[in-house]
Each structure stands twice: as C-alpha cells, then as structure tokens.
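Novice: Hey, dropping final-v3.txt in here, compact mmCIF, C-alpha atoms and all ligand atoms:
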# COMPACT_ATOMS: atom_id res chain seq x y z
CA MET H 1 12.14 41.95 8.78
CA ALA H 2 15.72 42.39 10.00
CA PRO H 3 18.24 40.16 8.27
CA THR H 4 18.98 36.91 10.07
CA ARG H 5 22.55 36.33 11.18
CA LYS H 6 24.48 33.21 10.34
CA ASN H 7 27.36 33.55 12.74
CA PRO H 8 26.94 32.15 16.25
CA GLU H 9 29.44 34.81 17.43
CA ASP H 10 26.75 37.41 16.70
CA ALA H 11 24.18 35.38 18.61
CA ALA H 12 26.47 35.43 21.67
CA ARG H 13 24.90 38.81 22.49
CA LEU H 14 21.88 36.78 23.60
CA LEU H 15 23.83 35.29 26.51
CA PRO H 16 22.24 36.53 29.73
CA GLY H 17 24.55 38.70 31.88
CA SER H 18 28.35 38.62 31.71
CA GLY H 19 31.23 36.34 32.67
CA TRP H 20 30.74 33.72 29.95
CA GLU H 21 33.87 31.98 28.70
CA LYS H 22 33.86 30.34 25.28
CA VAL H 23 34.84 26.69 25.61
CA ALA H 24 34.16 25.25 22.18
CA SER H 25 33.27 26.06 18.62
CA GLY H 26 31.09 23.23 17.47
CA GLU H 27 30.96 21.18 14.33
CA SER H 28 27.28 21.93 14.17
CA ASP H 29 27.57 25.74 13.78
CA THR H 30 27.17 26.29 17.48
CA ASP H 31 29.44 27.88 20.06
CA VAL H 32 29.55 26.63 23.64
CA TYR H 33 30.14 28.94 26.62
CA ARG H 34 30.55 28.25 30.32
CA ARG H 35 29.93 30.31 33.43
CA ASP H 36 30.45 28.53 36.75
CA ALA H 37 28.23 25.44 36.77
CA VAL H 38 26.24 26.44 33.71
CA TYR H 39 26.81 25.83 30.00
CA ALA H 40 25.25 27.75 27.13
CA LYS H 41 25.10 26.54 23.54
CA VAL H 42 24.56 29.36 21.07
CA CYS H 43 23.48 29.21 17.45
CA ALA H 44 22.69 31.75 14.76
CA ALA H 45 19.11 32.00 13.44
CA ASP H 46 19.58 29.25 10.87
CA GLY H 47 20.46 26.80 13.65
CA THR H 48 17.50 27.48 15.93
CA VAL H 49 15.41 24.50 14.80
CA GLY H 50 18.31 22.10 15.41
CA LEU H 51 19.12 23.60 18.81
CA ALA H 52 15.44 23.40 19.81
CA GLU H 53 15.56 19.69 18.92
CA GLU H 54 18.56 19.32 21.23
CA ARG H 55 16.69 21.19 24.00
CA ASP H 56 13.76 18.76 23.75
CA ARG H 57 16.11 15.77 23.95
CA VAL H 58 18.02 17.16 26.96
CA ARG H 59 14.65 17.60 28.69
CA TRP H 60 13.56 14.08 27.81
CA LEU H 61 16.83 12.51 28.99
CA ALA H 62 16.65 14.47 32.26
CA GLU H 63 13.38 12.69 33.02
CA THR H 64 15.07 9.29 32.82
CA ASP H 65 17.54 7.83 35.32
CA PHE H 66 20.40 8.32 32.88
CA PRO H 67 22.81 11.04 34.09
CA GLY H 68 23.02 14.17 31.96
CA ALA H 69 22.33 17.90 31.96
CA ARG H 70 19.11 19.75 32.76
CA VAL H 71 17.63 22.59 30.70
CA LEU H 72 17.89 25.78 32.75
CA ASP H 73 16.84 28.31 30.13
CA TRP H 74 15.99 28.75 26.45
CA ILE H 75 16.36 32.09 24.71
CA ASP H 76 15.11 32.50 21.14
CA SER H 77 15.20 35.63 18.99
CA GLN H 78 15.67 36.69 15.37
CA HIS H 79 19.44 36.60 15.95
CA GLY H 80 19.50 32.97 17.03
CA ALA H 81 19.02 30.92 20.17
CA VAL H 82 20.71 29.92 23.41
CA LEU H 83 20.27 26.62 25.20
CA VAL H 84 21.36 26.96 28.83
CA THR H 85 22.04 23.70 30.67
CA SER H 86 23.37 22.62 34.04
CA ALA H 87 27.00 21.46 34.03
CA VAL H 88 27.55 17.73 34.23
CA SER H 89 30.49 17.20 36.60
CA GLY H 90 33.69 15.51 35.46
CA VAL H 91 35.77 15.76 32.30
CA PRO H 92 35.28 14.38 28.78
CA GLY H 93 36.72 10.90 28.23
CA TRP H 94 39.33 12.09 25.73
CA GLN H 95 41.06 14.11 28.45
CA LEU H 96 41.81 10.99 30.50
CA PRO H 97 44.51 8.38 30.01
CA CYS H 98 42.92 5.08 29.26
CA SER H 99 42.69 2.28 31.77
CA PRO H 100 40.62 -0.90 31.70
CA THR H 101 38.39 0.72 34.36
CA LEU H 102 37.75 3.78 32.20
CA MET H 103 37.06 1.74 29.09
CA GLY H 104 34.76 -0.56 31.07
CA ASN H 105 32.89 2.42 32.50
CA LEU H 106 32.43 3.90 29.02
CA ALA H 107 31.16 0.57 27.71
CA ALA H 108 28.75 0.21 30.64
CA ALA H 109 27.50 3.79 30.21
CA LEU H 110 26.76 3.23 26.52
CA ARG H 111 25.12 -0.10 27.32
CA SER H 112 22.85 1.51 29.91
CA PHE H 113 21.97 4.32 27.48
CA HIS H 114 20.87 1.63 25.04
CA GLU H 115 18.74 0.03 27.75
CA LEU H 116 16.48 3.10 28.04
CA PRO H 117 13.00 1.89 27.07
CA VAL H 118 12.49 2.36 23.32
CA GLU H 119 8.71 2.65 23.72
CA GLY H 120 9.19 5.68 26.01
CA CYS H 121 11.35 7.58 23.49
CA PRO H 122 9.48 9.98 21.17
CA PHE H 123 12.53 10.64 18.97
CA GLU H 124 13.58 8.63 15.95
CA ARG H 125 16.79 8.77 13.98
CA ARG H 126 15.74 6.78 10.97
CA LEU H 127 18.39 5.26 8.77
CA GLU H 128 16.67 6.45 5.58
CA ASP H 129 16.61 10.02 6.91
CA VAL H 130 20.33 9.98 7.75
CA LEU H 131 21.06 8.48 4.35
CA GLY H 132 18.98 11.29 2.85
CA GLN H 133 21.12 13.83 4.76
CA VAL H 134 24.26 12.23 3.36
CA GLU H 135 22.84 12.41 -0.19
CA ASP H 136 22.17 16.10 0.39
CA VAL H 137 25.70 16.71 1.77
CA VAL H 138 27.22 14.97 -1.27
CA ARG H 139 24.94 16.86 -3.69
CA ARG H 140 26.10 20.16 -2.17
CA GLY H 141 29.75 19.09 -2.37
CA ALA H 142 29.95 19.66 1.39
CA VAL H 143 31.55 16.43 2.61
CA ASN H 144 34.08 17.36 5.29
CA PRO H 145 37.30 15.40 4.65
CA ASP H 146 38.38 15.93 8.28
CA PHE H 147 35.78 13.36 9.30
CA LEU H 148 36.98 10.76 6.78
CA SER H 149 39.77 8.23 7.29
CA LEU H 150 42.86 8.66 5.08
CA GLU H 151 41.62 5.78 2.94
CA TRP H 152 38.16 7.30 2.49
CA GLN H 153 39.68 10.68 1.64
CA GLN H 154 41.13 9.11 -1.53
CA VAL H 155 37.68 8.05 -2.77
CA PRO H 156 35.30 10.48 -4.55
CA PRO H 157 32.32 11.31 -2.28
CA ALA H 158 29.83 10.04 -4.90
CA GLU H 159 31.58 6.67 -4.79
CA LEU H 160 31.45 6.61 -0.99
CA LEU H 161 27.74 7.40 -1.16
CA SER H 162 27.17 4.59 -3.60
CA ARG H 163 29.05 2.22 -1.24
CA LEU H 164 26.64 3.23 1.51
CA GLN H 165 23.57 2.84 -0.71
CA THR H 166 24.60 -0.66 -1.75
CA SER H 167 25.57 -1.90 1.71
CA VAL H 168 22.57 -0.90 3.85
CA PRO H 169 22.48 -3.49 6.66
CA ALA H 170 19.70 -6.04 6.34
CA VAL H 171 18.85 -5.84 10.04
CA GLN H 172 18.55 -3.06 12.58
CA ASP H 173 18.71 -3.59 16.31
CA LEU H 174 16.68 -0.59 17.41
CA VAL H 175 17.52 1.00 20.77
CA VAL H 176 17.62 4.53 22.16
CA CYS H 177 20.89 5.87 20.72
CA HIS H 178 22.88 8.88 21.90
CA GLY H 179 23.49 9.93 18.30
CA ASP H 180 27.01 11.37 18.77
CA ALA H 181 28.62 8.87 21.12
CA THR H 182 32.15 10.27 21.11
CA LEU H 183 34.64 10.51 23.98
CA ALA H 184 33.99 14.28 24.05
CA ASN H 185 30.36 13.77 24.95
CA PHE H 186 30.78 11.17 27.74
CA LEU H 187 32.11 12.62 31.00
CA PHE H 188 33.94 10.92 33.89
CA ASP H 189 35.16 11.76 37.37
CA PRO H 190 38.92 12.29 36.84
CA GLN H 191 39.72 10.71 40.25
CA THR H 192 37.46 7.67 40.42
CA LEU H 193 36.88 7.35 36.63
CA ALA H 194 33.19 6.82 37.38
CA PHE H 195 30.88 7.87 34.53
CA THR H 196 29.20 11.19 35.41
CA GLY H 197 26.91 11.88 32.45
CA ALA H 198 26.42 12.43 28.73
CA VAL H 199 26.00 15.74 26.89
CA ASP H 200 25.34 16.86 23.30
CA VAL H 201 22.20 14.80 22.73
CA GLY H 202 20.88 16.70 19.71
CA HIS H 203 20.81 13.50 17.63
CA LEU H 204 19.34 11.28 20.34
CA GLY H 205 16.76 8.91 18.93
CA VAL H 206 15.75 5.35 18.25
CA ALA H 207 18.28 3.81 15.86
CA ASP H 208 20.46 0.74 15.36
CA ARG H 209 22.76 0.33 18.35
CA TYR H 210 25.59 -0.04 15.83
CA SER H 211 25.22 3.63 14.87
CA ASP H 212 26.55 4.57 18.35
CA LEU H 213 28.92 1.65 18.67
CA ALA H 214 30.64 2.42 15.35
CA LEU H 215 31.62 5.87 16.59
CA THR H 216 32.65 4.94 20.09
CA ALA H 217 34.60 1.87 18.99
CA ALA H 218 36.49 3.93 16.38
CA GLN H 219 37.29 6.63 18.97
CA VAL H 220 38.61 4.10 21.45
CA VAL H 221 41.13 3.02 18.81
CA ASN H 222 41.89 6.52 17.46
CA HIS H 223 42.60 7.85 20.95
CA GLY H 224 45.00 4.98 21.60
CA TRP H 225 42.86 3.45 24.31
CA SER H 226 43.12 0.08 22.64
CA PRO H 227 44.85 -1.30 19.53
CA SER H 228 41.56 -2.74 18.33
CA SER H 229 37.92 -2.17 19.21
CA VAL H 230 37.35 -5.82 20.14
CA SER H 231 38.00 -5.41 23.87
CA PHE H 232 35.68 -2.38 24.08
CA LEU H 233 32.92 -4.19 22.21
CA THR H 234 33.33 -7.23 24.47
CA MET H 235 33.07 -4.99 27.54
CA TYR H 236 29.89 -3.57 26.00
CA GLY H 237 28.53 -7.10 25.69
CA LEU H 238 29.08 -7.79 22.01
CA ASP H 239 31.42 -10.77 21.62
CA ASP H 240 30.97 -11.22 17.93
CA ALA H 241 30.42 -7.77 16.43
CA ASP H 242 29.41 -7.37 12.80
CA ASP H 243 32.39 -5.49 11.32
CA GLU H 244 30.62 -4.55 8.09
CA ARG H 245 27.83 -2.90 10.05
CA LEU H 246 30.39 -0.96 12.12
CA VAL H 247 32.08 0.30 8.94
CA PHE H 248 28.72 1.21 7.36
CA TYR H 249 27.63 3.34 10.33
CA LEU H 250 31.05 4.96 10.71
CA LEU H 251 31.03 6.10 7.09
CA LEU H 252 27.37 7.13 7.34
CA ASP H 253 28.13 9.36 10.32
CA ALA H 254 31.29 10.81 8.79
CA MET H 255 29.39 11.87 5.67
CA SER H 256 26.32 13.25 7.42
CA TRP H 257 28.10 16.39 8.75
CA GLY H 258 28.31 19.12 6.19
N1 LIG P 301 26.00 20.67 30.29
C1 LIG P 301 27.31 20.40 30.15
N2 LIG P 301 28.00 19.87 31.20
C2 LIG P 301 29.32 19.60 31.08
N3 LIG P 301 30.05 19.82 29.98
C3 LIG P 301 29.42 20.35 28.92
C4 LIG P 301 28.03 20.65 28.94
N4 LIG P 301 27.69 21.16 27.73
C5 LIG P 301 28.82 21.17 26.99
N5 LIG P 301 29.87 20.70 27.70
C6 LIG P 301 31.29 20.62 27.29
O1 LIG P 301 31.46 21.37 26.10
C7 LIG P 301 31.83 20.51 25.02
C8 LIG P 301 31.12 20.98 23.75
O2 LIG P 301 29.70 20.95 23.95
P1 LIG P 301 28.77 20.09 22.99
O3 LIG P 301 27.37 20.25 23.44
O4 LIG P 301 29.31 18.70 22.93
O5 LIG P 301 28.98 20.85 21.63
P2 LIG P 301 29.32 20.33 20.16
O6 LIG P 301 27.98 20.13 19.50
O7 LIG P 301 30.10 21.45 19.60
O8 LIG P 301 30.11 19.06 20.25
C9 LIG P 301 31.42 19.10 25.46
O9 LIG P 301 32.23 18.12 24.86
C10 LIG P 301 31.67 19.19 26.96
O10 LIG P 301 33.05 19.02 27.25
MG MG P 302 30.03 17.42 21.51
Take the structure in the file and give it back as structure tokens.
Specialist:
Amino acid sequence: MAPTRKNPEDAARLLPGSGWEKVASGESDTDVYRRDAVYAKVCAADGTVGLAEERDRVRWLAETDFPGARVLDWIDSQHGAVLVTSAVSGVPGWQLPCSPTLMGNLAAALRSFHELPVEGCPFERRLEDVLGQVEDVVRRGAVNPDFLSLEWQQVPPAELLSRLQTSVPAVQDLVVCHGDATLANFLFDPQTLAFTGAVDVGHLGVADRYSDLALTAAQVVNHGWSPSSVSFLTMYGLDDADDERLVFYLLLDAMSWG
C-alpha cells in the first residue's frame, strides 16, 4: 500500500480542475479553498474520517430550514479527501464592526439553531466523550496554549484537566449544538447585517446549549463587540446565565483541540 500523506497541501491535488484559491488553513488539519461560489475543504488521509463526519452533518443541516451550505461533491482517495460545498453568501461575523443589530442577529441565529428538533438529530456530542478527548490531548502533551486565556496558560494542563473533572455541571440542557459557534463560522450580509448561514459544522450534535454559548459569548467580548457577555446572553434569551457552566465549557473546548 502506498504511504498515506499527512499534509493537506499534498491532498490539494485532489481538487477537481483549476482556479482554486486557498482561503484558510484550519485548526483541524484541513485547508479550505474557494472557486467562485464553491468551497472545498481538504484533509490528508488521517483526517478523512473527521471530514466525512462533517460531510454528513452538512447534509443533515441542509435538510432543515436552518441556512447553511449544501454538499456538492465528496472526493476520497488514499491521499485524503475533499468536501465540496456551496458558498453561503455574506461574510463571517468577525469581519464586521459590531452593532446592536448584528449582535442581536447572531443571538437569534444561535437561538434558532438550538431550536432544531433534538429528536430529529442523529448526532451526539456527549460531554463524557469530549472530556475523554481532553484527557487524550493532555496525555499527549498536545494542549495548544493559543486557545487558552493568559490566566489558563499559567496553569499546568494536568491541573486544568483536574479542574474540569471536578466541576462537571450537574445538569445539561440538551439541544442541537453547532459545536464550533465562533464568529468565523456565522455569516452575515455586510449591508443589512442579516444572518445568512452557518458553516463548519463538523462538531454539530446534541449537547448542552452552554457548550455553544460559552464560545460565542467569549468571542463577543474578545472581539470587542461588548465589554461583557451579559447583553449577548440576554439577547439570546438567557437573563440569568450560569457563569460557572460558561467557564467549564469554554475551558473544555479550549483543551479539546490538539
Ligand atoms: N460553504 C462555505 N460558504 C461560505 N464560507 C465558507 C464556506 N466554507 C468555508 N467558508 C469560509 O472559510 C472559513 C474556513 O472554513 P471552515 O470550514 O470554518 O474551516 P476551519 O475548520 O478551518 O475553521 C470559514 O470561516 C468561512 O469564512
Ligand atoms: Mg471555521
């Protein structure tokens, strides 16, 4: 058997035809290319299973009323895989200056994502599985400090893991979660600020709504949209958010990439 390749750059040879422009190098060992109104996410052979999971979730979301991309093609070989999707119009939230309208539209979009019927969603993102991923990342010494706050960067990863293990929330409010609800993955019309769709749904699954909210609320603050996350959470419909649960899910997410 030919050796498998671990660099998505090598897998770019799988892109059909020419004229592809690289737009992003992903955190998840994928590269993203664009040609006209089409996007292609490319992974090396060791990422094929994960990209196939994303493909299945894009397909599932496209069958709901929630705006997002459609799967146009799937190419799979020993060198890796390519997921070709239709372009969602608009620009990612981080490219826009904040306004109450934009923040309200983001909050409403996340809320309506969470209103997708749980019983119709075949994907789960179980807390114990994510915690297991974090344990594995810590065991391999692969925690990425770039995802940690300055305060968390001062703490040994094993200690952060033990904080997570001893503060697992007693309750979970299970909804269909996006799984990577960042401003990069929610797109808006730059003129009207209307929400146009969500991308990057590889981690979509039934989980505690706080797992999405923790990320989005932190991003709203980090991107200077708001001095605190309270106004965003109120717009979402949560007047009295559980801060400890937000911190738990933010740390859980930060430590699960590696
Ligand atoms: N189908 C799509 N429609 C519109 N924009 C897209 C699409 N796919 C990717 N993008 C753009 O490319 C960026 C990176 O793609 P994404 O799937 O989020 O990769 P990553 O896993 O690296 O975050 C997104 O933030 C978005 O701006
Ligand atoms: Mg993304």
Novice: Please identify every residue of stretch 134-243 of chain H that has at least one atom no farther than 12 Å from an atom of stretch 29-47 of chain H, counting all atoms listed in the file, and for each give the shortest atom pair and the distance in Å to one decimal, arranged by chain then increasing number, as a Markdown table.
Specialist:
| residue | atom | partner | partner_atom | distance |
| --- | --- | --- | --- | --- |
| H:Val199 | CA | H:Tyr39 | CA | 10.6 |
| H:Asp200 | CA | H:Lys41 | CA | 9.7 |
| H:Gly202 | CA | H:Lys41 | CA | 11.4 |
Novice: Would you write out, as a Markdown table, a table of all residues in chain H that have an atom no more than 9 Å from an atom of ligand MG 302 (chain P), listing for each the closest atom pair and the distance in Å to one decimal, considering all atoms listed in the file and ordering rows by chain and rising residue number?
Specialist:
| residue | atom | partner | partner_atom | distance |
| --- | --- | --- | --- | --- |
| H:Ala24 | CA | P:MG302 | MG | 8.9 |
| H:Gly26 | CA | P:MG302 | MG | 7.2 |
| H:Glu27 | CA | P:MG302 | MG | 8.2 |
| H:Asp180 | CA | P:MG302 | MG | 7.3 |
| H:Ala181 | CA | P:MG302 | MG | 8.7 |
| H:Thr182 | CA | P:MG302 | MG | 7.5 |
| H:Leu183 | CA | P:MG302 | MG | 8.7 |
| H:Ala184 | CA | P:MG302 | MG | 5.7 |
| H:Asn185 | CA | P:MG302 | MG | 5.0 |
| H:Phe186 | CA | P:MG302 | MG | 8.9 |
| H:Val199 | CA | P:MG302 | MG | 6.9 |
| H:Asp200 | CA | P:MG302 | MG | 5.1 |
| H:Val201 | CA | P:MG302 | MG | 8.3 |
Novice: Enter the distance from atom CA of H:Pro227 to atom CA of H:Gln153, in Å, rounded to one decimal.
Specialist: 22.1 Å
Novice: Restricting the calculation to all atoms listed in the file, which member of H:Pro67, H:Pro190, H:Gly80, H:Pro92 is positioned closest to ligand LIG 301 (chain P)?
Specialist: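 The answer is H:Pro92, which sits nearest to ligand LIG 301 (chain P).
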Novice: Between H:Asp243, H:Asp76, H:Asp189, H:Asp146, which one has atoms that come closest to ligand LIG 301 (chain P), using all atoms listed in the file?
Specialist: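 Closest candidate: H:Asp189.
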Novice: Grab the atom CA of H:Leu83 to atom CA of H:Gly179 distance for me, in Å with one decimal place.
Specialist: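 Atom-to-atom, atom CA of H:Leu83 to atom CA of H:Gly179, that is 18.3 Å.
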Novice: Of the candidates H:Ala11, H:Ala52, H:Ala194, H:Ala207, which one gets nearest to H:Ala108 if we count all atoms listed in the file?
Specialist: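 Distance minimum relative to H:Ala108 lands on H:Ala194.
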Novice: Could you jot down the atom CA of H:Ala109 to atom CA of H:Phe248 separation for me, Å, one decimal place?
Specialist: 23.0 Å
Novice: With only C-alpha atoms and all ligand atoms as the atoms that count, which of H:Lys22, H:His79, H:Arg125, H:Arg245 lies nearest to ligand LIG 301 (chain P)?
Specialist: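 For ligand LIG 301 (chain P), the nearest of the candidates is H:Lys22.
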Novice: Have a look at H:Gly50, H:Pro16, H:Gly258, H:Pro100 and name the one nearest to H:Met235; count all atoms listed in the file.
Specialist: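 Of all the options, H:Pro100 lies closest to H:Met235.
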Novice: Which neighbours of H:Cys121 fall inside 12 Å, counting all atoms listed in the file, when residues of the same chain fewer than 2 positions from it are skipped, and could you give them as a ChimeraX atom specification?
Specialist: /H:56-57,59-61,63-64,113-119,123-125,174-178,204-207
Novice: Using only C-alpha atoms, find the one residue out of H:Val247, H:Leu51, H:Ala198, H:Val130 that sits nearest to H:Gly93.
Specialist: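 Closest to H:Gly93, using only C-alpha atoms: H:Ala198.
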Novice: Need the shell around H:Gly132: protein/DNA/RNA residues with any atom at most 9 Å away, counting all atoms listed in the file. Skip same-chain ones fewer than 5 positions apart. Format as a ChimeraX atom specification?
Specialist: /H:127,137,256
Novice: Write out as JSON, numbers by chain each polymer residue whose atoms come within 12 Å of H:Pro156, counting only C-alpha atoms; drop sequence neighbours fewer than 3 positions from it.
Specialist: {"H": [138, 141, 143, 145, 148, 151, 152, 153, 159, 160, 161, 162, 163, 255]}
